[in-house]
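Trainee: If you scroll down you'll find the structure; I have some questions about it.
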Amino acid sequence: MDTKTAKPAANWSISRLIREVAIPDKHREGLRQKQLDAVRNMTVVVLLANLLNVFVVLQSFSGSSVGTILAIWGFCFTVMIGFRFLTYLRERAGHAGEEDSKRLLEAVSRGASVSGIFWAVAPLMVMSAVDPKGQMVMGIVMAGMMFAGAFLLSRIPEAAFSFIIPVGVGLVVSMQFQQEAAYQFISVMTIVYMGVLMFAVRWTHLQFVEQHLSEAAVHEQSQLIGLLLRDFEESTSDWLWQTNADGRLEDIPLVVDTNPDSVNFMSKGELLANLFVPGESRKVLETALSRNHGFRDIVLQVQKTTGDECWVSLTGKPIFEGADFRGFRGVAADITESKQIEDRIAHMAHYDGLTGLPNRVTMQEHLEKMLRKPAAADRVRALLWLDLDNFKWVNDTLGHPAGDELLRQVAGRINEMVEKADLVARLGGDEFAIIVERPVGGSLEAFIDMITDHLRTPYNVWGSTAYCAASFGVRVFDAFTTDSNQILKHADLALYDAKKSGKAQWRMFTPALEASTKARVQTEVDLERAIDDGELVVYFQPLVDARSHKMIGAETLLRWQHPTRGLVYPDQFIEAAEDNGLITRMGEWVIRAALMEAARLPDHVKVAVNISPLQIHSATLVSTIVNALAANNISPSRLELEITESVLMTDTEFTLKRLHQIKELGVRIALDDFGTGYSSLSYLRAFPFDKIKIDKSFVKDIELRADSRAITIATLNLAKSLGMRCTAEGVETLYQADFLRDHGCDELQGFFISRAQPIENLAHLVAVSPRCELPAPQVQVLEPKDEANVVSFPSEKRA
């Protein structure tokens, strides 16, 4: 039969297996190009798969009776594969035209048929010459090849069927030579398998075609919408232009009010398209000119040798005289200024003007896109929110221009550390954000450690050294949180936790952190009510003479009798009170309550009250002390105010002046937690304290560490040399008490003596008068037998 007559018959038989999809003529060529691209991308994989399976067959049956003929088969197949690879190398660089694409697709189908026939021969040679195990190997190889052919050639169904059918037929026919009935059943299953694969190929091809048509329809609709919108716009013409049929500029008749400065780039005889910078817009213009189609408002950049940018908006329509095309005529508008303004506004809307980084809006848009697209299983994404720790100091000491320069340097350092796919943004002030994606297994943590250390390095700002580390809050993305605002909130909470933990470090968000924040907010709300509702109470921890063990004083400790949470200790609410400003009001209440209770004690018993850094700056502190002393008829010498080094570190000059003012009243001043700060000795020189208190961190190790004993002895000798009394905190054992007494300690305080308790429970140590009215309603006092329910610890925070 002649080849030309045989080919349509083959095409007809294949078309029976596929329902023809209606494809408009204008989209056929694009579809063929997509098919060819898909085949080109998979050619190497297809050839390697064939070559690998040829090797498997030859290796598996090399010792059989058909080994020699299989070797010939394998050699021929390998030669064919090599020829196909050379053809692929020759054709891959070219772009096929319409006729070429048809030819190439037919060539792919023919190549698939040849490969299918080669594979169909293999089982015919092998199945009758090997044992059942070999037959199973051959069957697996053939089934795998059919599946691979269906998968890799699914974009071109003719090629896929041309491969699957010969392979399947060869396998089925080879089984017909076997005697057992099981082979007939396997033949039937093979035919069903072929049908499933062909149906899958057909379905995949339909999806491929529909996707192509959908993309083309969307593209056409976008163009149509753009044209309709532009039809409603009014064009402002700055000058007229006209070309001949060859697209070259020529004299324009009836030019009115043309500005020569605006059109000096247009010269008679030049090609219109050559006046503009190559790009997508110029291609659109060239296409319209070549097809004699009108165009409107094409934005083009003019090619100029002066270096100044010039943008025009070009509109034109073809000129016909009868059926003859004569050229184009249109208007051009200079839009350079508006284009620059538009670009500048777009940049300002999405980028930070100081550092050039994306701003908060751009960062949040990128964050939302990342949240909508889940990461791969082996990747982890996170938002890093960082804040500079000492930026205010740079602004205050070096000036705001130096602060701006520091921010630019910080942005530069961050960009040095991140990967290309990461997004770095400046959120405002001294806050930055980084959205990163890293492999799982510690890469994220290692990156955060590295960038934290890098930002800790001092900066050189115009000859001045600035130390400005950064704290990081990290929120790792998860599959359950898709709200970008929630992610930002969580990162901010983690940043706050990092700041609170000591700065220059990072913290990762956890659900427990969010729960803690909610509890903290609720604590602040409850504290507002606690003072007015009389929920605050004062407890007292005795101070005894180190030699006689008689009670000579008591330290006032604050407790909160919460209506639902029970007795709350200071370490759970003092920090919240300091943050929301209640600490000053609360501290003044403690002074009044402590002195009211002190009136119930003998005159020789002193009462100590702790003063916070915020309270020392209160304008009403001195008047509160004076009024409380007068109201309870208590000698000022019985009141002892305990301050820590942190009080002196805030506005030292004012603080010392305030302390002298209080001391002049006759009130005693004690330096608390002595030895734990950096400048305790210098403060002893700056102010004549009445007492120093040895911190419990030294006392608890007296029995175990020689250095703690040495420090304790040195502190006692120092106090004695300066004429100050000395109190040891945290005394818990008899050995500690004896050691401190033997080395000259004046007073002891700690669990060895007594825990902090309501004043009524101290009657076994000192005489306690009946209760007077407190400044706020008093809560129920626990009996001694209930003390175990309110036991405090040596590390409890005092207020």
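Following the order of the structure tokens, first chain is A, next is B, and so on, with residues numbered from 1 inside each chain and ligands from 1 in the order they appear.
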With only C-alpha atoms as the counted atoms, please give the residues lying no more than 6 Å from A:Met724, apart from itself and same-chain residues fewer than 2 positions off, as a list of chain:residue names.
Mentor: A:Asp690, A:Lys691, A:Ala719, A:Lys720, A:Leu722
Trainee: Restricting the output to all heavy atoms, write the selected residues as a compact mmCIF listing (two decimals), in the first residue's frame.
Mentor:
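New file part.txt:
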# COMPACT_ATOMS: atom_id res chain seq x y z
N ASP A 690 21.94 54.42 106.28
CA ASP A 690 21.91 53.97 107.67
C ASP A 690 22.19 52.48 107.79
O ASP A 690 22.64 52.01 108.83
CB ASP A 690 20.54 54.27 108.29
CG ASP A 690 20.26 55.76 108.33
OD1 ASP A 690 20.88 56.47 109.13
OD2 ASP A 690 19.43 56.23 107.50
N LYS A 691 21.92 51.75 106.71
CA LYS A 691 22.05 50.30 106.78
C LYS A 691 22.30 49.77 105.37
O LYS A 691 21.82 50.33 104.38
CB LYS A 691 20.77 49.69 107.35
CG LYS A 691 20.78 48.16 107.42
CD LYS A 691 19.39 47.60 107.56
CE LYS A 691 18.76 47.94 108.89
NZ LYS A 691 17.46 47.25 109.07
N ALA A 719 30.61 47.64 106.31
CA ALA A 719 29.53 48.33 107.01
C ALA A 719 30.01 48.86 108.36
O ALA A 719 29.69 49.98 108.77
CB ALA A 719 28.34 47.39 107.20
N LYS A 720 30.78 48.03 109.04
CA LYS A 720 31.30 48.46 110.35
C LYS A 720 32.23 49.65 110.20
O LYS A 720 32.19 50.60 110.99
CB LYS A 720 32.03 47.29 111.00
CG LYS A 720 32.53 47.57 112.42
CD LYS A 720 33.15 46.33 113.03
CE LYS A 720 33.63 46.60 114.46
NZ LYS A 720 34.25 45.39 115.06
N LEU A 722 32.16 51.94 107.92
CA LEU A 722 31.40 53.13 107.52
C LEU A 722 30.40 53.55 108.59
O LEU A 722 29.64 54.52 108.37
CB LEU A 722 30.68 52.88 106.20
CG LEU A 722 31.58 52.66 104.97
CD1 LEU A 722 30.74 52.29 103.74
CD2 LEU A 722 32.39 53.92 104.69
Trainee: Could you name the residues that touch stretch 361-371 of chain A at 6 Å or less, counting only C-alpha atoms, but leaving out those on the same chain fewer than 6 positions away, as a list in words?
Mentor: His350, Thr482 and Ser484 of chain A
Trainee: Just to confirm, what's the straight-line distance from atom CA of A:Val699 to atom CA of A:Ala554 in Å (one decimal)?
Mentor: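 Computed distance, atom CA of A:Val699 to atom CA of A:Ala554, equals 18.8 Å.
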Trainee: Please list as a list in words every residue within 12 Å of A:Asp131, counting only C-alpha atoms and excluding residues in the same chain fewer than 6 positions away.
Mentor: Ser60, Phe61, Ser64, Ser65, Val137, Met138 and Gln178 of chain A
Trainee: Can those selected residues be exported to a file as a short mmCIF file (atom, residue, chain, number, x, y, z; two decimals), in the first residue's frame so that it contains N, CA and C atoms?
Mentor:
data_model
loop_
_atom_site.label_atom_id
_atom_site.label_comp_id
_atom_site.auth_asym_id
_atom_site.auth_seq_id
_atom_site.Cartn_x
_atom_site.Cartn_y
_atom_site.Cartn_z
N SER A 60 18.96 -8.93 32.77
CA SER A 60 18.12 -9.96 33.39
C SER A 60 18.15 -11.27 32.61
N PHE A 61 18.30 -11.20 31.28
CA PHE A 61 18.16 -12.41 30.46
C PHE A 61 19.44 -12.71 29.67
N SER A 64 20.11 -16.48 29.37
CA SER A 64 19.05 -17.34 28.82
C SER A 64 19.39 -17.74 27.39
N SER A 65 18.55 -18.60 26.83
CA SER A 65 18.77 -19.08 25.45
C SER A 65 18.58 -17.99 24.41
N VAL A 137 9.50 -10.74 35.55
CA VAL A 137 10.37 -9.57 35.36
C VAL A 137 10.03 -8.87 34.06
N MET A 138 9.85 -9.68 33.00
CA MET A 138 9.53 -9.08 31.70
C MET A 138 8.19 -8.36 31.75
N GLN A 178 1.59 -19.35 25.85
CA GLN A 178 1.72 -20.10 27.09
C GLN A 178 0.50 -21.01 27.28
#
Trainee: DSSP on the backbone: what in stretch 579-793 of chain A comes out strand (DSSP E), as an MDAnalysis selection string?
Mentor: chainID A and resid 606:610 639:643 668:674 691:694 725:728 747:748
Trainee: Restricting it to N, CA and C atoms, dump the selection as a PDB file, in the first residue's frame.
Mentor:
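Saved as selection_11.pdb:
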ATOM      1  N   LYS A 606      11.050  48.715 114.410  1.00  0.00           N
ATOM      2  CA  LYS A 606      11.037  49.513 113.187  1.00  0.00           C
ATOM      3  C   LYS A 606      10.242  48.777 112.103  1.00  0.00           C
ATOM      4  N   VAL A 607       9.773  49.555 111.109  1.00  0.00           N
ATOM      5  CA  VAL A 607       9.061  48.982 109.959  1.00  0.00           C
ATOM      6  C   VAL A 607       9.778  49.435 108.682  1.00  0.00           C
ATOM      7  N   ALA A 608      10.149  48.484 107.847  1.00  0.00           N
ATOM      8  CA  ALA A 608      10.843  48.778 106.590  1.00  0.00           C
ATOM      9  C   ALA A 608       9.879  48.656 105.417  1.00  0.00           C
ATOM     10  N   VAL A 609       9.973  49.596 104.472  1.00  0.00           N
ATOM     11  CA  VAL A 609       9.119  49.617 103.275  1.00  0.00           C
ATOM     12  C   VAL A 609      10.023  49.774 102.050  1.00  0.00           C
ATOM     13  N   ASN A 610       9.783  48.980 101.024  1.00  0.00           N
ATOM     14  CA  ASN A 610      10.554  49.070  99.782  1.00  0.00           C
ATOM     15  C   ASN A 610      10.008  50.187  98.902  1.00  0.00           C
ATOM     16  N   LEU A 639      10.593  54.374 110.832  1.00  0.00           N
ATOM     17  CA  LEU A 639      10.342  54.042 109.419  1.00  0.00           C
ATOM     18  C   LEU A 639      11.680  53.917 108.694  1.00  0.00           C
ATOM     19  N   GLU A 640      11.822  52.847 107.988  1.00  0.00           N
ATOM     20  CA  GLU A 640      13.044  52.597 107.226  1.00  0.00           C
ATOM     21  C   GLU A 640      12.658  52.320 105.773  1.00  0.00           C
ATOM     22  N   LEU A 641      13.176  53.139 104.842  1.00  0.00           N
ATOM     23  CA  LEU A 641      12.900  52.951 103.416  1.00  0.00           C
ATOM     24  C   LEU A 641      14.056  52.185 102.783  1.00  0.00           C
ATOM     25  N   GLU A 642      13.719  51.093 102.120  1.00  0.00           N
ATOM     26  CA  GLU A 642      14.728  50.277 101.459  1.00  0.00           C
ATOM     27  C   GLU A 642      14.714  50.567  99.958  1.00  0.00           C
ATOM     28  N   ILE A 643      15.874  50.901  99.413  1.00  0.00           N
ATOM     29  CA  ILE A 643      15.977  51.159  97.979  1.00  0.00           C
ATOM     30  C   ILE A 643      17.040  50.238  97.397  1.00  0.00           C
ATOM     31  N   ARG A 668      14.967  56.543 108.210  1.00  0.00           N
ATOM     32  CA  ARG A 668      16.200  55.835 107.947  1.00  0.00           C
ATOM     33  C   ARG A 668      16.175  55.291 106.515  1.00  0.00           C
ATOM     34  N   ILE A 669      17.354  55.246 105.872  1.00  0.00           N
ATOM     35  CA  ILE A 669      17.473  54.771 104.494  1.00  0.00           C
ATOM     36  C   ILE A 669      18.425  53.580 104.472  1.00  0.00           C
ATOM     37  N   ALA A 670      17.983  52.480 103.835  1.00  0.00           N
ATOM     38  CA  ALA A 670      18.799  51.267 103.732  1.00  0.00           C
ATOM     39  C   ALA A 670      19.034  50.933 102.262  1.00  0.00           C
ATOM     40  N   LEU A 671      20.258  50.443 101.957  1.00  0.00           N
ATOM     41  CA  LEU A 671      20.577  49.999 100.596  1.00  0.00           C
ATOM     42  C   LEU A 671      20.343  48.495 100.542  1.00  0.00           C
ATOM     43  N   ASP A 672      19.331  48.111  99.752  1.00  0.00           N
ATOM     44  CA  ASP A 672      18.900  46.712  99.676  1.00  0.00           C
ATOM     45  C   ASP A 672      19.687  45.955  98.602  1.00  0.00           C
ATOM     46  N   ASP A 673      19.752  44.634  98.726  1.00  0.00           N
ATOM     47  CA  ASP A 673      20.408  43.747  97.747  1.00  0.00           C
ATOM     48  C   ASP A 673      21.838  44.178  97.477  1.00  0.00           C
ATOM     49  N   PHE A 674      22.569  44.515  98.527  1.00  0.00           N
ATOM     50  CA  PHE A 674      23.928  45.022  98.357  1.00  0.00           C
ATOM     51  C   PHE A 674      24.824  43.942  97.742  1.00  0.00           C
ATOM     52  N   LYS A 691      21.924  51.755 106.706  1.00  0.00           N
ATOM     53  CA  LYS A 691      22.048  50.302 106.778  1.00  0.00           C
ATOM     54  C   LYS A 691      22.298  49.767 105.374  1.00  0.00           C
ATOM     55  N   ILE A 692      23.032  48.669 105.296  1.00  0.00           N
ATOM     56  CA  ILE A 692      23.124  47.911 104.052  1.00  0.00           C
ATOM     57  C   ILE A 692      22.647  46.498 104.346  1.00  0.00           C
ATOM     58  N   LYS A 693      21.993  45.911 103.335  1.00  0.00           N
ATOM     59  CA  LYS A 693      21.438  44.571 103.496  1.00  0.00           C
ATOM     60  C   LYS A 693      22.176  43.627 102.544  1.00  0.00           C
ATOM     61  N   ILE A 694      22.769  42.593 103.113  1.00  0.00           N
ATOM     62  CA  ILE A 694      23.498  41.613 102.308  1.00  0.00           C
ATOM     63  C   ILE A 694      22.480  40.768 101.540  1.00  0.00           C
ATOM     64  N   ARG A 725      24.725  49.941 110.074  1.00  0.00           N
ATOM     65  CA  ARG A 725      24.255  48.633 110.510  1.00  0.00           C
ATOM     66  C   ARG A 725      24.170  47.718 109.296  1.00  0.00           C
ATOM     67  N   CYS A 726      24.132  46.425 109.565  1.00  0.00           N
ATOM     68  CA  CYS A 726      24.113  45.455 108.463  1.00  0.00           C
ATOM     69  C   CYS A 726      23.087  44.374 108.768  1.00  0.00           C
ATOM     70  N   THR A 727      22.228  44.112 107.768  1.00  0.00           N
ATOM     71  CA  THR A 727      21.203  43.068 107.879  1.00  0.00           C
ATOM     72  C   THR A 727      21.490  41.998 106.834  1.00  0.00           C
ATOM     73  N   ALA A 728      21.369  40.746 107.222  1.00  0.00           N
ATOM     74  CA  ALA A 728      21.545  39.629 106.282  1.00  0.00           C
ATOM     75  C   ALA A 728      20.176  39.079 105.911  1.00  0.00           C
ATOM     76  N   GLU A 747      21.676  42.297 112.246  1.00  0.00           N
ATOM     77  CA  GLU A 747      20.279  41.849 112.169  1.00  0.00           C
ATOM     78  C   GLU A 747      20.170  40.678 111.201  1.00  0.00           C
ATOM     79  N   LEU A 748      19.200  39.802 111.510  1.00  0.00           N
ATOM     80  CA  LEU A 748      18.953  38.632 110.672  1.00  0.00           C
ATOM     81  C   LEU A 748      17.515  38.669 110.180  1.00  0.00           C
TER      82      LEU A 748
END
Trainee: Please indicate the distance in Å from atom CA of A:Ser697 to atom CA of A:Arg709, rounded to one decimal place.
Mentor: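 Going from atom CA of A:Ser697 over to atom CA of A:Arg709 covers 11.3 Å.
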Trainee: Need to verify the contact set: A:Glu286, 12 Å, only C-alpha atoms, exclusion of same-chain residues closer than 2 positions in sequence. Can you return it as a VMD selection string?
Mentor: chain A and resid 246 to 247 271 to 276 278 to 284 288 to 295 298 300
Trainee: Could you dump the residues just selected with N, CA, C and O atoms as an mmCIF file, in the first residue's frame?
Mentor:
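For reference, out.cif as written:
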data_model
loop_
_atom_site.group_PDB
_atom_site.id
_atom_site.type_symbol
_atom_site.label_atom_id
_atom_site.label_comp_id
_atom_site.auth_asym_id
_atom_site.auth_seq_id
_atom_site.Cartn_x
_atom_site.Cartn_y
_atom_site.Cartn_z
ATOM 1 N N ASP A 246 5.546 52.914 4.363
ATOM 2 C CA ASP A 246 6.693 52.159 4.868
ATOM 3 C C ASP A 246 6.954 52.406 6.352
ATOM 4 O O ASP A 246 7.929 51.883 6.911
ATOM 5 N N GLY A 247 6.155 53.221 6.990
ATOM 6 C CA GLY A 247 6.338 53.508 8.404
ATOM 7 C C GLY A 247 7.336 54.594 8.684
ATOM 8 O O GLY A 247 7.767 54.763 9.837
ATOM 9 N N LEU A 271 12.185 55.766 10.658
ATOM 10 C CA LEU A 271 11.130 54.819 11.007
ATOM 11 C C LEU A 271 10.545 55.202 12.368
ATOM 12 O O LEU A 271 11.287 55.444 13.322
ATOM 13 N N LEU A 272 9.225 55.240 12.458
ATOM 14 C CA LEU A 272 8.567 55.665 13.695
ATOM 15 C C LEU A 272 8.981 54.777 14.867
ATOM 16 O O LEU A 272 9.315 55.269 15.946
ATOM 17 N N ALA A 273 8.996 53.462 14.668
ATOM 18 C CA ALA A 273 9.284 52.544 15.774
ATOM 19 C C ALA A 273 10.704 52.689 16.289
ATOM 20 O O ALA A 273 10.974 52.454 17.471
ATOM 21 N N ASN A 274 11.637 53.116 15.417
ATOM 22 C CA ASN A 274 13.036 53.224 15.832
ATOM 23 C C ASN A 274 13.300 54.398 16.760
ATOM 24 O O ASN A 274 14.402 54.539 17.291
ATOM 25 N N LEU A 275 12.299 55.274 16.933
ATOM 26 C CA LEU A 275 12.486 56.430 17.812
ATOM 27 C C LEU A 275 12.413 56.045 19.286
ATOM 28 O O LEU A 275 12.782 56.843 20.154
ATOM 29 N N PHE A 276 11.958 54.816 19.572
ATOM 30 C CA PHE A 276 11.658 54.459 20.954
ATOM 31 C C PHE A 276 12.559 53.322 21.442
ATOM 32 O O PHE A 276 13.075 52.519 20.663
ATOM 33 N N PRO A 278 13.750 49.880 22.819
ATOM 34 C CA PRO A 278 13.187 48.526 22.661
ATOM 35 C C PRO A 278 12.556 48.030 23.958
ATOM 36 O O PRO A 278 13.049 48.291 25.049
ATOM 37 N N GLY A 279 11.480 47.343 23.797
ATOM 38 C CA GLY A 279 10.765 46.811 24.947
ATOM 39 C C GLY A 279 9.414 46.287 24.525
ATOM 40 O O GLY A 279 9.082 46.221 23.322
ATOM 41 N N GLU A 280 8.601 45.916 25.502
ATOM 42 C CA GLU A 280 7.300 45.341 25.206
ATOM 43 C C GLU A 280 6.396 46.330 24.487
ATOM 44 O O GLU A 280 5.684 45.968 23.540
ATOM 45 N N SER A 281 6.419 47.589 24.924
ATOM 46 C CA SER A 281 5.557 48.593 24.295
ATOM 47 C C SER A 281 5.953 48.820 22.841
ATOM 48 O O SER A 281 5.093 48.986 21.959
ATOM 49 N N ARG A 282 7.246 48.837 22.586
ATOM 50 C CA ARG A 282 7.682 49.023 21.192
ATOM 51 C C ARG A 282 7.259 47.837 20.326
ATOM 52 O O ARG A 282 6.895 48.007 19.152
ATOM 53 N N LYS A 283 7.311 46.618 20.892
ATOM 54 C CA LYS A 283 6.848 45.459 20.130
ATOM 55 C C LYS A 283 5.369 45.584 19.774
ATOM 56 O O LYS A 283 4.952 45.216 18.667
ATOM 57 N N VAL A 284 4.581 46.100 20.709
ATOM 58 C CA VAL A 284 3.153 46.312 20.433
ATOM 59 C C VAL A 284 2.987 47.300 19.299
ATOM 60 O O VAL A 284 2.157 47.112 18.387
ATOM 61 N N ALA A 288 1.303 46.537 15.574
ATOM 62 C CA ALA A 288 0.187 47.312 15.033
ATOM 63 C C ALA A 288 0.548 47.937 13.687
ATOM 64 O O ALA A 288 -0.267 47.948 12.750
ATOM 65 N N LEU A 289 1.759 48.457 13.573
ATOM 66 C CA LEU A 289 2.185 49.082 12.313
ATOM 67 C C LEU A 289 2.277 48.048 11.201
ATOM 68 O O LEU A 289 1.877 48.307 10.058
ATOM 69 N N SER A 290 2.805 46.866 11.516
ATOM 70 C CA SER A 290 2.963 45.842 10.484
ATOM 71 C C SER A 290 1.620 45.290 10.017
ATOM 72 O O SER A 290 1.489 44.850 8.871
ATOM 73 N N ARG A 291 0.624 45.290 10.892
ATOM 74 C CA ARG A 291 -0.691 44.743 10.532
ATOM 75 C C ARG A 291 -1.681 45.823 10.121
ATOM 76 O O ARG A 291 -2.859 45.531 9.890
ATOM 77 N N ASN A 292 -1.215 47.060 10.046
ATOM 78 C CA ASN A 292 -2.089 48.188 9.673
ATOM 79 C C ASN A 292 -3.286 48.319 10.607
ATOM 80 O O ASN A 292 -4.409 48.600 10.184
ATOM 81 N N HIS A 293 -3.044 48.079 11.905
ATOM 82 C CA HIS A 293 -4.096 48.202 12.914
ATOM 83 C C HIS A 293 -3.916 49.514 13.676
ATOM 84 O O HIS A 293 -2.783 49.958 13.919
ATOM 85 N N GLY A 294 -5.029 50.089 14.063
ATOM 86 C CA GLY A 294 -4.957 51.291 14.878
ATOM 87 C C GLY A 294 -4.506 50.961 16.294
ATOM 88 O O GLY A 294 -4.607 49.822 16.756
ATOM 89 N N PHE A 295 -4.009 51.944 16.998
ATOM 90 C CA PHE A 295 -3.564 51.759 18.386
ATOM 91 C C PHE A 295 -3.826 53.037 19.161
ATOM 92 O O PHE A 295 -3.994 54.114 18.573
ATOM 93 N N ILE A 298 -0.272 54.101 23.629
ATOM 94 C CA ILE A 298 0.866 53.229 23.911
ATOM 95 C C ILE A 298 1.951 54.081 24.574
ATOM 96 O O ILE A 298 2.416 55.074 24.006
ATOM 97 N N LEU A 300 5.551 54.902 25.594
ATOM 98 C CA LEU A 300 6.860 54.552 25.047
ATOM 99 C C LEU A 300 7.927 55.498 25.573
ATOM 100 O O LEU A 300 7.667 56.687 25.768
#
Trainee: Stretch 616-623 of chain A: which residues within 9 Å, counting only C-alpha atoms, same-chain residues fewer than 4 positions away excluded, as a VMD selection string?
Mentor: chain A and resid 584 588 611 to 612 627 to 628 647 654 to 655 658 to 659 661 to 662
Trainee: So, with only C-alpha atoms as the atoms that count, which of A:Gly356, A:Gly473, A:Gly134, A:Gly63 lies closest to A:Asn415?
Mentor: A:Gly356
Trainee: From the DSSP assignment of the backbone, select every residue of stretch 329-516 of chain A that is alpha helix (DSSP H), and format the answer as a compact mmCIF listing (two decimals) with C-alpha atoms, in the first residue's frame.
Mentor:
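That gives us part30.txt:
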# COMPACT_ATOMS: atom_id res chain seq x y z
CA THR A 336 7.40 62.48 31.05
CA GLU A 337 6.47 64.47 34.13
CA SER A 338 3.32 62.51 34.90
CA LYS A 339 5.19 59.22 34.36
CA GLN A 340 7.93 60.25 36.78
CA ILE A 341 5.36 61.36 39.35
CA GLU A 342 3.45 58.11 38.88
CA ASP A 343 6.62 56.04 39.34
CA ARG A 344 7.65 58.09 42.38
CA ILE A 345 4.22 57.76 44.00
CA ALA A 346 4.19 54.01 43.34
CA HIS A 347 7.65 53.69 44.86
CA MET A 348 6.76 55.81 47.90
CA ALA A 349 3.61 53.78 48.46
CA HIS A 350 5.55 50.53 48.69
CA ARG A 360 4.84 47.80 56.05
CA VAL A 361 2.21 47.70 53.29
CA THR A 362 4.45 45.75 50.92
CA MET A 363 5.59 43.45 53.71
CA GLN A 364 2.01 42.64 54.71
CA GLU A 365 1.00 41.99 51.10
CA HIS A 366 3.94 39.59 50.74
CA LEU A 367 3.08 37.99 54.08
CA GLU A 368 -0.50 37.34 52.97
CA LYS A 369 0.72 35.73 49.74
CA MET A 370 3.08 33.48 51.70
CA LEU A 371 0.30 32.44 54.08
CA ARG A 372 -1.96 31.50 51.16
CA PHE A 391 18.30 53.54 69.10
CA LYS A 392 16.84 56.26 71.32
CA TRP A 393 20.29 56.80 72.84
CA VAL A 394 21.76 57.35 69.36
CA ASN A 395 19.06 59.87 68.49
CA ASP A 396 19.41 61.71 71.80
CA THR A 397 23.21 61.85 71.88
CA LEU A 398 24.30 61.93 68.23
CA HIS A 400 18.47 62.46 64.35
CA PRO A 401 20.63 62.62 61.18
CA ALA A 402 23.00 60.14 62.84
CA GLY A 403 20.00 58.00 63.73
CA ASP A 404 18.96 57.97 60.08
CA GLU A 405 22.48 56.95 59.05
CA LEU A 406 22.40 54.15 61.63
CA LEU A 407 19.11 52.87 60.20
CA ARG A 408 20.65 52.78 56.72
CA GLN A 409 23.61 50.80 58.06
CA VAL A 410 21.28 48.37 59.85
CA ALA A 411 19.35 47.85 56.61
CA GLY A 412 22.62 47.18 54.80
CA ARG A 413 23.74 44.62 57.38
CA ILE A 414 20.44 42.77 57.22
CA ASN A 415 20.58 42.64 53.41
CA GLU A 416 24.07 41.16 53.66
CA MET A 417 22.78 38.26 55.74
CA SER A 443 18.67 26.25 59.72
CA LEU A 444 16.20 28.91 60.83
CA GLU A 445 17.56 29.04 64.38
CA ALA A 446 21.14 29.16 63.08
CA PHE A 447 20.26 32.08 60.80
CA ILE A 448 18.62 34.02 63.63
CA ASP A 449 21.63 33.45 65.90
CA MET A 450 23.94 34.61 63.12
CA ILE A 451 22.05 37.80 62.29
CA THR A 452 21.60 38.63 66.00
CA ASP A 453 25.37 38.40 66.49
CA HIS A 454 26.03 40.42 63.34
CA LEU A 455 23.77 43.28 64.42
CA ARG A 456 25.43 43.28 67.84
CA SER A 484 -1.52 38.09 58.65
CA ASN A 485 -2.59 40.40 61.47
CA GLN A 486 -2.50 37.48 63.88
CA ILE A 487 1.00 36.56 62.70
CA LEU A 488 2.16 40.16 63.23
CA LYS A 489 0.60 40.25 66.68
CA HIS A 490 2.32 37.02 67.68
CA ALA A 491 5.70 38.25 66.41
CA ASP A 492 5.23 41.46 68.40
CA LEU A 493 4.50 39.45 71.55
CA ALA A 494 7.67 37.43 71.01
CA LEU A 495 9.63 40.67 70.48
CA TYR A 496 8.28 42.07 73.75
CA ASP A 497 9.35 38.87 75.51
CA ALA A 498 12.86 39.18 74.03
CA LYS A 499 13.10 42.80 75.20
CA LYS A 500 11.93 41.83 78.66
CA PRO A 511 0.87 29.60 72.71
CA ALA A 512 1.99 29.88 76.33
CA LEU A 513 3.33 33.35 75.57
CA GLU A 514 -0.05 34.46 74.26
CA ALA A 515 -1.79 32.98 77.29
CA SER A 516 0.66 34.79 79.55
Trainee: Could you pull the residues within 12 Å of stretch 35-42 of chain A, counting only C-alpha atoms, minus those fewer than 3 positions along the same chain, as a ChimeraX atom specification?
Mentor: /A:28-32,45-49,84-85,87-98,100-109,111-112,148-149,151-160,205,208-209,212
Trainee: Mind pulling up the distance from atom CA of A:Gln572 to atom CA of A:Glu431?
Mentor: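 Atom-to-atom, atom CA of A:Glu431 to atom CA of A:Gln572, that is 29.3 Å.
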Trainee: Write out as a PyMOL selection string the residues lying within 6 Å of stretch 558-569 of chain A, counting only C-alpha atoms and excluding same-chain residues fewer than 4 positions away.
Mentor: chain A and resi 535-538+799
Trainee: Would you mind exporting the chosen residues as a PDB file, in the first residue's frame, restricted to C-alpha atoms?
Mentor:
ATOM      1  CA  GLU A 535      -7.919  43.541  98.029  1.00  0.00           C
ATOM      2  CA  LEU A 536      -4.343  44.556  98.901  1.00  0.00           C
ATOM      3  CA  VAL A 537      -2.916  43.477 102.248  1.00  0.00           C
ATOM      4  CA  VAL A 538       0.442  43.903 103.948  1.00  0.00           C
ATOM      5  CA  ALA A 799       6.899  45.682  96.803  1.00  0.00           C
TER       6      ALA A 799
END
